[in-house]
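Visitor: My structure file query22.txt, compact mmCIF, C-alpha atoms, is below:
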# COMPACT_ATOMS: atom_id res chain seq x y z
CA MET A 1 24.95 -5.97 -53.47
CA LYS A 2 24.63 -3.10 -55.92
CA THR A 3 21.15 -2.31 -54.62
CA GLY A 4 22.40 -2.19 -51.03
CA PHE A 5 25.32 0.04 -51.95
CA ARG A 6 23.02 2.47 -53.74
CA ALA A 7 20.72 2.63 -50.70
CA ILE A 8 23.63 3.44 -48.38
CA ARG A 9 24.93 6.03 -50.88
CA ALA A 10 21.49 7.65 -51.07
CA MET A 11 21.51 8.12 -47.29
CA LEU A 12 25.07 9.43 -47.15
CA VAL A 13 24.90 12.07 -49.93
CA PRO A 14 22.39 14.43 -48.24
CA ALA A 15 24.22 14.07 -44.93
CA CYS A 16 27.57 14.91 -46.53
CA ALA A 17 26.02 17.85 -48.32
CA GLY A 18 24.78 19.19 -45.00
CA ILE A 19 28.23 18.79 -43.43
CA LEU A 20 29.80 20.62 -46.38
CA LEU A 21 27.37 23.54 -46.02
CA VAL A 22 28.23 23.94 -42.36
CA ALA A 23 31.94 23.66 -43.09
CA CYS A 24 31.63 26.44 -45.66
CA GLY A 25 29.95 28.79 -43.21
CA GLY A 26 26.34 28.08 -44.23
CA SER A 27 23.53 26.42 -42.37
CA ALA A 28 20.58 24.24 -43.21
CA PRO A 29 17.90 26.00 -45.27
CA ALA A 30 15.26 27.75 -43.21
CA PRO A 31 11.58 26.80 -43.65
CA THR A 32 9.87 28.85 -46.35
CA ALA A 33 7.72 30.92 -44.00
CA THR A 34 5.63 33.57 -45.69
CA SER A 35 6.13 36.40 -43.23
CA GLY A 36 8.45 37.71 -40.60
CA GLY A 37 8.75 40.38 -37.97
CA SER A 38 10.36 43.78 -38.38
CA SER A 39 13.67 45.04 -37.01
CA ALA A 40 15.15 41.56 -36.77
CA ALA A 41 18.08 41.40 -34.36
CA PRO A 42 21.34 40.41 -36.10
CA THR A 43 23.28 37.40 -34.90
CA ALA A 44 26.53 38.54 -33.25
CA GLY A 45 29.47 37.50 -35.38
CA GLY A 46 27.12 36.08 -37.98
CA GLU A 47 27.05 36.41 -41.73
CA VAL A 48 24.67 37.03 -44.60
CA ASN A 49 24.94 35.84 -48.19
CA LEU A 50 24.09 38.40 -50.87
CA TYR A 51 23.45 37.33 -54.46
CA THR A 52 23.52 40.41 -56.66
CA THR A 53 23.79 41.56 -60.27
CA ARG A 54 25.03 44.99 -59.19
CA GLU A 55 28.58 46.14 -59.87
CA PRO A 56 30.68 45.53 -56.72
CA ALA A 57 32.01 49.09 -56.61
CA LEU A 58 28.47 50.45 -56.39
CA VAL A 59 27.36 48.39 -53.41
CA GLN A 60 30.57 47.66 -51.49
CA PRO A 61 30.62 50.95 -49.55
CA LEU A 62 27.11 50.14 -48.29
CA LEU A 63 28.05 46.60 -47.33
CA ASP A 64 31.22 47.73 -45.54
CA ALA A 65 29.21 50.26 -43.54
CA PHE A 66 26.64 47.59 -42.63
CA THR A 67 29.36 45.24 -41.38
CA ALA A 68 30.98 48.03 -39.38
CA SER A 69 27.68 48.88 -37.66
CA SER A 70 26.34 45.35 -37.14
CA GLY A 71 29.32 43.00 -36.98
CA ILE A 72 27.67 40.85 -39.63
CA LYS A 73 29.95 39.71 -42.45
CA VAL A 74 28.50 40.04 -45.96
CA ASN A 75 29.49 37.29 -48.40
CA THR A 76 28.82 38.72 -51.87
CA VAL A 77 28.21 36.54 -54.90
CA LEU A 78 28.29 38.69 -58.05
CA LEU A 79 26.21 37.23 -60.87
CA LYS A 80 26.23 39.61 -63.78
CA ASP A 81 24.23 37.06 -65.76
CA GLY A 82 22.41 33.87 -64.89
CA LEU A 83 21.00 34.67 -61.45
CA LEU A 84 17.70 32.94 -62.21
CA GLU A 85 19.52 29.87 -63.52
CA ARG A 86 21.86 29.75 -60.51
CA LEU A 87 18.99 29.87 -58.03
CA GLY A 88 17.06 27.28 -60.01
CA ALA A 89 20.02 24.90 -60.02
CA GLU A 90 20.68 25.35 -56.29
CA GLY A 91 17.05 24.88 -55.28
CA GLU A 92 16.55 24.20 -51.56
CA ARG A 93 20.33 23.92 -51.12
CA SER A 94 20.82 27.61 -51.95
CA VAL A 95 22.68 29.65 -49.35
CA ALA A 96 21.38 32.94 -50.76
CA ASP A 97 19.88 35.19 -48.08
CA VAL A 98 19.30 38.47 -49.95
CA LEU A 99 18.76 38.96 -53.68
CA MET A 100 19.62 42.40 -55.10
CA VAL A 101 19.07 43.40 -58.73
CA VAL A 102 18.52 46.42 -60.95
CA ASP A 103 15.25 46.83 -62.90
CA THR A 104 11.74 46.06 -61.69
CA GLY A 105 11.30 43.41 -64.37
CA ASN A 106 14.36 41.49 -63.20
CA MET A 107 13.08 41.50 -59.64
CA LEU A 108 9.60 40.35 -60.62
CA ASP A 109 11.15 37.56 -62.70
CA LEU A 110 12.72 36.28 -59.46
CA VAL A 111 9.39 36.55 -57.64
CA GLU A 112 7.48 34.74 -60.40
CA ALA A 113 10.09 31.96 -60.43
CA GLY A 114 9.50 31.39 -56.72
CA HIS A 115 12.96 32.46 -55.53
CA THR A 116 11.75 35.00 -52.95
CA ARG A 117 9.65 34.84 -49.80
CA PRO A 118 7.29 37.45 -48.32
CA LEU A 119 8.63 39.71 -45.61
CA LYS A 120 6.65 41.83 -43.17
CA SER A 121 8.83 44.69 -41.91
CA GLU A 122 7.55 47.90 -40.34
CA VAL A 123 10.96 49.49 -41.01
CA LEU A 124 10.83 48.78 -44.76
CA GLU A 125 7.17 49.72 -45.08
CA ALA A 126 7.70 53.04 -43.30
CA ALA A 127 10.65 53.97 -45.53
CA ILE A 128 9.39 52.79 -48.94
CA PRO A 129 6.20 54.10 -50.61
CA ALA A 130 3.64 51.42 -51.37
CA HIS A 131 3.95 51.69 -55.15
CA LEU A 132 7.71 51.04 -54.88
CA ARG A 133 7.42 47.65 -53.15
CA GLY A 134 5.54 44.42 -53.63
CA ALA A 135 2.08 44.47 -52.13
CA ASP A 136 2.79 41.16 -50.38
CA GLY A 137 6.30 42.06 -49.21
CA GLN A 138 8.06 39.97 -51.86
CA TRP A 139 10.38 42.81 -52.95
CA PHE A 140 11.43 46.33 -51.93
CA ALA A 141 12.96 49.19 -53.92
CA MET A 142 16.24 50.39 -52.43
CA SER A 143 17.03 53.31 -54.74
CA LEU A 144 15.51 55.09 -57.74
CA ARG A 145 16.84 55.72 -61.25
CA ASP A 146 14.80 58.45 -62.88
CA ARG A 147 14.54 58.61 -66.68
CA VAL A 148 15.14 62.27 -67.50
CA LEU A 149 15.72 64.67 -70.36
CA TYR A 150 19.26 65.70 -71.24
CA ALA A 151 19.09 69.09 -72.98
CA ASP A 152 21.68 71.45 -74.43
CA LYS A 153 22.56 73.74 -71.54
CA ASP A 154 21.83 76.81 -73.67
CA LEU A 155 18.40 75.60 -74.80
CA ASP A 156 15.48 77.76 -73.63
CA LEU A 157 13.60 74.87 -72.05
CA GLU A 158 12.51 74.48 -68.43
CA SER A 159 9.83 71.76 -68.45
CA PHE A 160 8.95 68.77 -70.59
CA HIS A 161 6.45 65.92 -70.98
CA TYR A 162 7.57 62.52 -72.27
CA GLU A 163 4.81 62.86 -74.85
CA ASP A 164 6.61 65.93 -76.26
CA LEU A 165 9.35 63.73 -77.71
CA ALA A 166 7.02 63.07 -80.65
CA ASP A 167 6.28 66.77 -81.30
CA PRO A 168 7.42 67.72 -84.84
CA GLN A 169 9.28 70.75 -83.44
CA TRP A 170 11.99 68.28 -82.34
CA LYS A 171 12.43 66.70 -85.79
CA GLY A 172 16.09 65.76 -86.26
CA ARG A 173 16.94 66.93 -82.73
CA VAL A 174 16.47 63.83 -80.51
CA CYS A 175 19.06 61.25 -79.42
CA ILE A 176 18.28 58.03 -77.55
CA ARG A 177 19.72 54.56 -77.04
CA SER A 178 18.09 51.40 -78.43
CA GLY A 179 14.37 51.12 -77.89
CA GLN A 180 14.91 47.49 -76.88
CA HIS A 181 17.18 48.41 -73.98
CA PRO A 182 15.42 47.69 -70.66
CA TYR A 183 15.70 51.37 -69.64
CA ASN A 184 13.59 52.34 -72.65
CA THR A 185 11.21 49.39 -72.79
CA SER A 186 10.34 50.25 -69.20
CA LEU A 187 9.55 53.86 -70.17
CA PHE A 188 7.59 52.73 -73.23
CA ALA A 189 5.69 50.20 -71.09
CA ALA A 190 4.68 53.02 -68.75
CA MET A 191 3.45 54.94 -71.80
CA VAL A 192 1.29 51.94 -72.74
CA ALA A 193 -0.11 51.81 -69.21
CA HIS A 194 -0.99 55.51 -69.32
CA HIS A 195 -2.23 55.88 -72.90
CA GLY A 196 -2.90 52.45 -74.38
CA VAL A 197 -1.27 50.45 -77.17
CA GLU A 198 -2.53 52.39 -80.18
CA ALA A 199 -1.55 55.81 -78.81
CA THR A 200 1.87 54.51 -77.78
CA GLU A 201 2.51 53.12 -81.25
CA THR A 202 1.66 56.51 -82.77
CA TRP A 203 3.93 58.20 -80.22
CA LEU A 204 6.83 55.84 -80.96
CA ARG A 205 6.53 56.55 -84.67
CA GLY A 206 6.67 60.26 -83.89
CA VAL A 207 9.76 59.87 -81.70
CA LYS A 208 11.49 57.81 -84.38
CA ALA A 209 10.72 60.51 -86.95
CA ASN A 210 12.43 63.05 -84.68
CA LEU A 211 15.68 61.11 -84.18
CA ALA A 212 18.90 62.85 -85.16
CA ARG A 213 20.67 59.51 -85.49
CA LYS A 214 19.94 55.81 -85.15
CA ALA A 215 18.71 54.74 -81.73
CA ALA A 216 21.90 53.20 -80.36
CA GLY A 217 24.79 53.60 -77.94
CA GLY A 218 24.44 54.31 -74.23
CA ASP A 219 22.91 57.01 -72.08
CA ARG A 220 26.16 58.98 -71.79
CA ASP A 221 26.37 59.00 -75.57
CA VAL A 222 23.31 61.26 -75.56
CA ALA A 223 25.32 63.91 -73.68
CA ARG A 224 28.31 63.31 -75.95
CA ASP A 225 26.20 63.88 -79.06
CA ILE A 226 24.57 66.99 -77.62
CA LEU A 227 28.05 68.42 -77.07
CA ALA A 228 28.93 67.50 -80.68
CA GLY A 229 25.86 69.33 -82.00
CA ILE A 230 24.26 66.16 -83.37
CA CYS A 231 21.11 66.62 -81.27
CA ASP A 232 19.58 69.04 -78.77
CA ILE A 233 17.73 66.73 -76.40
CA GLY A 234 17.61 63.08 -75.41
CA ILE A 235 16.26 60.67 -72.82
CA ALA A 236 18.65 59.00 -70.36
CA ASN A 237 19.09 58.11 -66.69
CA ALA A 238 19.83 60.91 -64.26
CA TYR A 239 22.58 59.15 -62.29
CA TYR A 240 24.92 59.18 -65.29
CA VAL A 241 24.95 62.97 -65.05
CA GLY A 242 26.25 62.71 -61.50
CA GLN A 243 29.06 60.52 -62.79
CA MET A 244 29.87 62.87 -65.68
CA LYS A 245 29.73 66.15 -63.77
CA ASN A 246 31.89 64.69 -61.00
CA ALA A 247 34.43 63.17 -63.40
CA GLU A 248 38.03 64.38 -63.55
CA PRO A 249 38.15 68.04 -64.67
CA GLY A 250 39.07 68.26 -68.34
CA SER A 251 38.14 64.64 -69.02
CA GLU A 252 35.83 63.64 -71.86
CA GLN A 253 33.02 62.68 -69.53
CA ARG A 254 33.31 65.93 -67.60
CA ARG A 255 32.93 67.89 -70.85
CA TRP A 256 29.87 65.84 -71.78
CA GLY A 257 28.29 66.55 -68.40
CA GLU A 258 29.04 70.25 -68.59
CA ALA A 259 27.35 70.48 -72.01
CA ILE A 260 23.90 69.53 -70.73
CA LYS A 261 21.23 70.39 -68.21
CA VAL A 262 18.72 67.96 -66.73
CA ILE A 263 14.96 68.35 -66.87
CA ARG A 264 12.73 65.83 -65.14
CA PRO A 265 9.87 65.11 -67.58
CA THR A 266 6.45 63.95 -66.41
CA PHE A 267 3.67 62.06 -68.14
CA ASP A 268 1.01 64.38 -69.51
CA VAL A 269 -1.82 62.84 -67.49
CA GLU A 270 -3.58 63.91 -64.32
CA GLY A 271 -1.17 63.38 -61.44
CA GLY A 272 1.55 62.15 -63.79
CA GLY A 273 5.11 62.13 -62.56
CA THR A 274 8.62 61.19 -63.63
CA HIS A 275 9.27 57.61 -64.72
CA VAL A 276 11.67 55.70 -62.48
CA ASN A 277 13.27 52.30 -62.48
CA ILE A 278 14.77 50.82 -59.35
CA SER A 279 17.43 48.82 -57.66
CA ALA A 280 15.61 46.37 -55.42
CA ALA A 281 16.16 43.65 -52.84
CA ALA A 282 14.22 40.63 -51.67
CA LEU A 283 14.51 37.96 -49.02
CA ALA A 284 15.63 34.72 -50.69
CA ARG A 285 13.20 31.84 -50.43
CA HIS A 286 15.54 29.47 -48.59
CA ALA A 287 17.54 32.11 -46.68
CA PRO A 288 19.56 30.23 -44.02
CA ASN A 289 20.49 33.48 -42.23
CA ARG A 290 17.05 35.03 -42.28
CA ASP A 291 17.41 37.46 -39.36
CA ASN A 292 20.69 38.81 -40.71
CA ALA A 293 19.13 39.13 -44.15
CA VAL A 294 16.31 41.26 -42.72
CA ALA A 295 18.86 43.32 -40.80
CA LEU A 296 20.76 44.04 -44.04
CA MET A 297 17.63 45.00 -45.95
CA GLU A 298 16.46 47.30 -43.16
CA TYR A 299 19.90 48.88 -42.96
CA LEU A 300 19.76 49.68 -46.68
CA VAL A 301 16.80 52.02 -46.08
CA SER A 302 18.39 53.75 -43.10
CA ASP A 303 19.34 57.41 -43.44
CA ALA A 304 23.02 56.49 -43.44
CA ALA A 305 22.71 53.90 -46.22
CA GLN A 306 20.36 55.99 -48.33
CA SER A 307 22.80 58.89 -48.10
CA LEU A 308 25.57 56.56 -49.32
CA TYR A 309 23.38 55.51 -52.25
CA ALA A 310 22.93 59.17 -53.13
CA ARG A 311 26.59 60.14 -52.79
CA ALA A 312 28.34 57.04 -54.14
CA ASN A 313 25.98 56.07 -56.97
CA TYR A 314 24.13 59.34 -57.71
CA GLU A 315 20.91 57.34 -57.52
CA TYR A 316 17.88 58.92 -55.90
CA PRO A 317 17.07 57.72 -52.37
CA VAL A 318 13.87 55.76 -52.00
CA LYS A 319 13.45 57.22 -48.53
CA ALA A 320 12.23 60.81 -48.24
CA GLY A 321 14.28 63.47 -46.50
CA VAL A 322 17.75 62.04 -47.20
CA GLU A 323 20.47 64.51 -48.18
CA LEU A 324 21.28 64.37 -51.88
CA ASP A 325 24.53 64.70 -53.79
CA PRO A 326 24.80 68.39 -54.86
CA VAL A 327 24.63 67.48 -58.57
CA VAL A 328 21.51 65.38 -58.07
CA ALA A 329 19.98 68.08 -55.86
CA SER A 330 20.50 70.61 -58.66
CA PHE A 331 17.97 68.72 -60.80
CA GLY A 332 15.18 69.89 -58.51
CA PRO A 333 12.49 67.82 -56.76
CA LEU A 334 11.62 64.37 -58.04
CA GLU A 335 7.89 63.70 -58.28
CA VAL A 336 7.77 59.97 -58.96
CA ASP A 337 5.04 58.80 -61.29
CA PRO A 338 2.47 57.05 -59.05
CA LEU A 339 1.78 54.29 -61.58
CA PRO A 340 2.54 50.99 -59.77
CA LEU A 341 5.69 49.42 -61.15
CA THR A 342 3.89 46.10 -61.48
CA GLU A 343 1.66 47.71 -64.13
CA VAL A 344 4.74 48.93 -65.99
CA VAL A 345 6.28 45.46 -65.98
CA ALA A 346 3.02 43.91 -67.19
CA ASN A 347 3.39 45.94 -70.41
CA ARG A 348 7.07 45.20 -71.13
CA ARG A 349 6.39 42.57 -73.79
CA THR A 350 3.88 44.83 -75.55
CA ALA A 351 6.36 47.71 -75.50
CA SER A 352 9.09 45.52 -76.97
CA GLU A 353 6.77 44.33 -79.73
CA LEU A 354 5.86 47.93 -80.56
CA VAL A 355 9.55 48.86 -80.83
CA ASP A 356 9.99 46.18 -83.47
CA LYS A 357 6.70 46.98 -85.20
CA VAL A 358 7.62 50.62 -85.83
CA GLY A 359 11.24 49.80 -86.69
CA PHE A 360 12.43 52.08 -83.89
CA ASP A 361 16.00 50.76 -83.90
CA ASN A 362 16.37 50.49 -87.68
Represent the structure of the file as structure tokens.

Guide:
Amino acid sequence: MKTGFRAIRAMLVPACAGILLVACGGSAPAPTATSGGSSAAPTAGGEVNLYTTREPALVQPLLDAFTASSGIKVNTVLLKDGLLERLGAEGERSVADVLMVVDTGNMLDLVEAGHTRPLKSEVLEAAIPAHLRGADGQWFAMSLRDRVLYADKDLDLESFHYEDLADPQWKGRVCIRSGQHPYNTSLFAAMVAHHGVEATETWLRGVKANLARKAAGGDRDVARDILAGICDIGIANAYYVGQMKNAEPGSEQRRWGEAIKVIRPTFDVEGGGTHVNISAAALARHAPNRDNAVALMEYLVSDAAQSLYARANYEYPVKAGVELDPVVASFGPLEVDPLPLTEVVANRRTASELVDKVGFDN
């Protein structure tokens, strides 16, 4: 009798699970096809499920605009931590359609874990340069976060190479956050890709010797400490400057922003450009609303959405020719380093080990 009951129960559980998915607005998982067409037509009155690690306030204006233009409802699941674990636990039952994260490494972790599926889209490929998307269509950059130099606004300095951070002329004049923060390990990994491990270790020791204070705090703290006279220059993300310079007049952050100017450094190699990290999106492996997912991703690289990225988040559009926020535009043109981001990510572990080896954060 027990054996018979278990057999009946085994048949009923999957069926009930399917009924529950439909009742909750989902649908059965789509086959894991490895490609798809471009410009997918959205389903009228349909929905799309977005799993994201991004702060809601940063992406909600984009999602609201997408719904207004397409009629597709976006169900957002915010996962500040544990996205990989959540997808692993859900497996084929996952209702995720689009995965959106910050940092190339985080996106490639999802790809390597098998949580994405390839997508062929002429719209995405036309908007996004090849070195800012997966070669097989597994992921696509949606916006750029350039790693720039904050400098005292009165400093006689107009250009800079990342390599210059180790120049003895800057001894006791540099501020930076922890070398183990992903923003910096990404930059250091790019340095390894350009110059090799030994040269990067020597460079890191030189940068450490030039620090005005312990490598700690956040990017905005670099501007704060420049205002306080603790340091003259520092490395941080450009979009924070948009936030600071557009903060309430007279506020602390506004004063920090007004104390600095932004210089976009480049790597001192032939054709070297400015290091960027990304926010990126991918089609989820088991996306039940695949066409709507593609529609959302293609919308995010439209002129309208890219302009919202630029104005709401002060991030740099991945698509060329989009109007910038005036503060971001004041930084001048962004020449993105052509080094493929996959090569940067491949050196993350080495960069992290070098940070510890030289005692960068001590």

Visitor: If we count all atoms listed in the file and set the cut-off at 9 Å, which residues sit around Trp256 of chain A, ignoring sequence neighbours fewer than 5 positions away in its own chain? Please answer as a list of chain:residue names.

Guide: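 Counting only the stated atoms, we get A:Arg220, A:Asp221, A:Val222, A:Ala223, A:Arg224, A:Asp225, A:Ile226, A:Leu227, A:Val241, A:Met244, A:Lys245, A:Ser251.
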
Visitor: For segment 134-142 of chain A, please output as a short mmCIF file (atom, residue, chain, number, x, y, z; two decimals) with C-alpha atoms, in the coordinates of the input all residues within 6 Å (counting all atoms listed in the file; exclusion window: fewer than 6 positions along the same chain).

Guide:
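Written output follows (selection.cif):
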data_model
loop_
_atom_site.label_atom_id
_atom_site.label_comp_id
_atom_site.auth_asym_id
_atom_site.auth_seq_id
_atom_site.Cartn_x
_atom_site.Cartn_y
_atom_site.Cartn_z
CA ARG A 117 9.65 34.84 -49.80
CA PRO A 118 7.29 37.45 -48.32
CA LEU A 119 8.63 39.71 -45.61
CA ILE A 278 14.77 50.82 -59.35
CA SER A 279 17.43 48.82 -57.66
CA ALA A 280 15.61 46.37 -55.42
CA ALA A 281 16.16 43.65 -52.84
CA ALA A 282 14.22 40.63 -51.67
CA VAL A 318 13.87 55.76 -52.00
#

Visitor: With distances taken over all atoms listed in the file, which of A:Asp81, A:Asp325, A:Asp64, A:Asp97 is nearest to Ala284 of chain A?

Guide: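 For Ala284 of chain A, the nearest of the given residues is A:Asp97.
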
Visitor: Give me the residues within 12 Å of Pro56 of chain A as a list in words, counting only C-alpha atoms and dropping any in the same chain fewer than 2 places off.

Guide: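 Residues near the query, excluding close chain neighbours: Leu50, Tyr51, Thr52, Thr53, Arg54, Leu58, Val59, Gln60, Pro61, Leu62, Leu63, Asp64, Asn75, Thr76, Val77, Leu78, Leu79, Lys80, Met100, Val101 and Asn313 of chain A.
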
Visitor: In Å, how far is it from atom CA of Val48 of chain A to atom CA of Thr67 of chain A?

Guide: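 Result for atom CA of Val48 of chain A versus atom CA of Thr67 of chain A: 10.0 Å, one decimal.
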
Visitor: In Å, how far is it from atom CA of His161 of chain A to atom CA of Phe188 of chain A?

Guide: 13.4 Å

Visitor: What separation in Å, quoted to one decimal, exists between atom CA of Val207 of chain A and atom CA of Val344 of chain A?

Guide: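 We find that atom CA of Val207 of chain A and atom CA of Val344 of chain A lie 19.8 Å from each other.
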
Visitor: Using only C-alpha atoms, find the one residue out of A:Glu158, A:Glu90, A:Glu85, A:Asp152 that sits nearest to Gly234 of chain A.

Guide: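 Distance minimum relative to Gly234 of chain A lands on A:Asp152.
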
Visitor: Using all atoms listed in the file, can you tell me which of A:Lys153, A:His286, A:Lys319, A:Arg349 comes closest to Gln180 of chain A?

Guide: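 Nearest to Gln180 of chain A: A:Arg349.
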
Visitor: Show me, as number ranges by chain, the residues that have an atom within 9 Å of Asp154 of chain A when counting all atoms listed in the file, minus same-chain residues fewer than 6 positions from it.

Guide: A: 259-261

Visitor: Pick the closest to Ala189 of chain A from A:His275, A:Lys171, A:Arg285, A:Lys208: which is it, counting all atoms listed in the file?

Guide: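 Selected residue with least distance to Ala189 of chain A: A:His275.
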
Visitor: Which one of A:Phe66, A:Tyr309, A:Tyr239, A:Phe360 sits closest to Lys214 of chain A if you count only C-alpha atoms?

Guide: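 Comparing A:Phe66, A:Tyr309, A:Tyr239, A:Phe360 against Lys214 of chain A, the winner is A:Phe360.
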
Visitor: Residues at most 7 Å from segment 172-176 of chain A, counting all atoms listed in the file, excluding those fewer than 4 positions away in the same chain, as an MDAnalysis selection string?

Guide: chainID A and resid 210:213 215:216 222 231:235

Visitor: Counting all atoms listed in the file, figure out which residue out of A:Ala287, A:Tyr150, A:Ala199, A:Leu341 gets nearest to Gly91 of chain A.

Guide: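 Once distances to Gly91 of chain A are computed over all atoms listed in the file, the minimum belongs to A:Ala287.
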
Visitor: Anything within 8 Å of (21.7, 61.6, -46.1): list those residues as a list in words, counting all atoms listed in the file and sticking to the file's coordinates.

Guide: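 Within 8 Å of (21.7, 61.6, -46.1), the protein and nucleic acid residues are Asp303, Ala304, Ala305, Gln306, Ser307, Leu308, Ala310, Gly321, Val322, Glu323 and Leu324 of chain A.
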
Visitor: Could you take the residues named above and write them with C-alpha atoms, as an mmCIF file, keeping the file's coordinate frame?

Guide:
data_model
loop_
_atom_site.group_PDB
_atom_site.id
_atom_site.type_symbol
_atom_site.label_atom_id
_atom_site.label_comp_id
_atom_site.auth_asym_id
_atom_site.auth_seq_id
_atom_site.Cartn_x
_atom_site.Cartn_y
_atom_site.Cartn_z
ATOM 1 C CA ASP A 303 19.340 57.410 -43.440
ATOM 2 C CA ALA A 304 23.020 56.490 -43.440
ATOM 3 C CA ALA A 305 22.710 53.900 -46.220
ATOM 4 C CA GLN A 306 20.360 55.990 -48.330
ATOM 5 C CA SER A 307 22.800 58.890 -48.100
ATOM 6 C CA LEU A 308 25.570 56.560 -49.320
ATOM 7 C CA ALA A 310 22.930 59.170 -53.130
ATOM 8 C CA GLY A 321 14.280 63.470 -46.500
ATOM 9 C CA VAL A 322 17.750 62.040 -47.200
ATOM 10 C CA GLU A 323 20.470 64.510 -48.180
ATOM 11 C CA LEU A 324 21.280 64.370 -51.880
#

Visitor: Dig up all the protein and nucleic acid residues within 8 Å of (9.5, 71.1, -63.5) in the file frame, using all atoms listed in the file, and format them as a VMD selection string.

Guide: chain A and resid 158 to 160 263 to 265 332
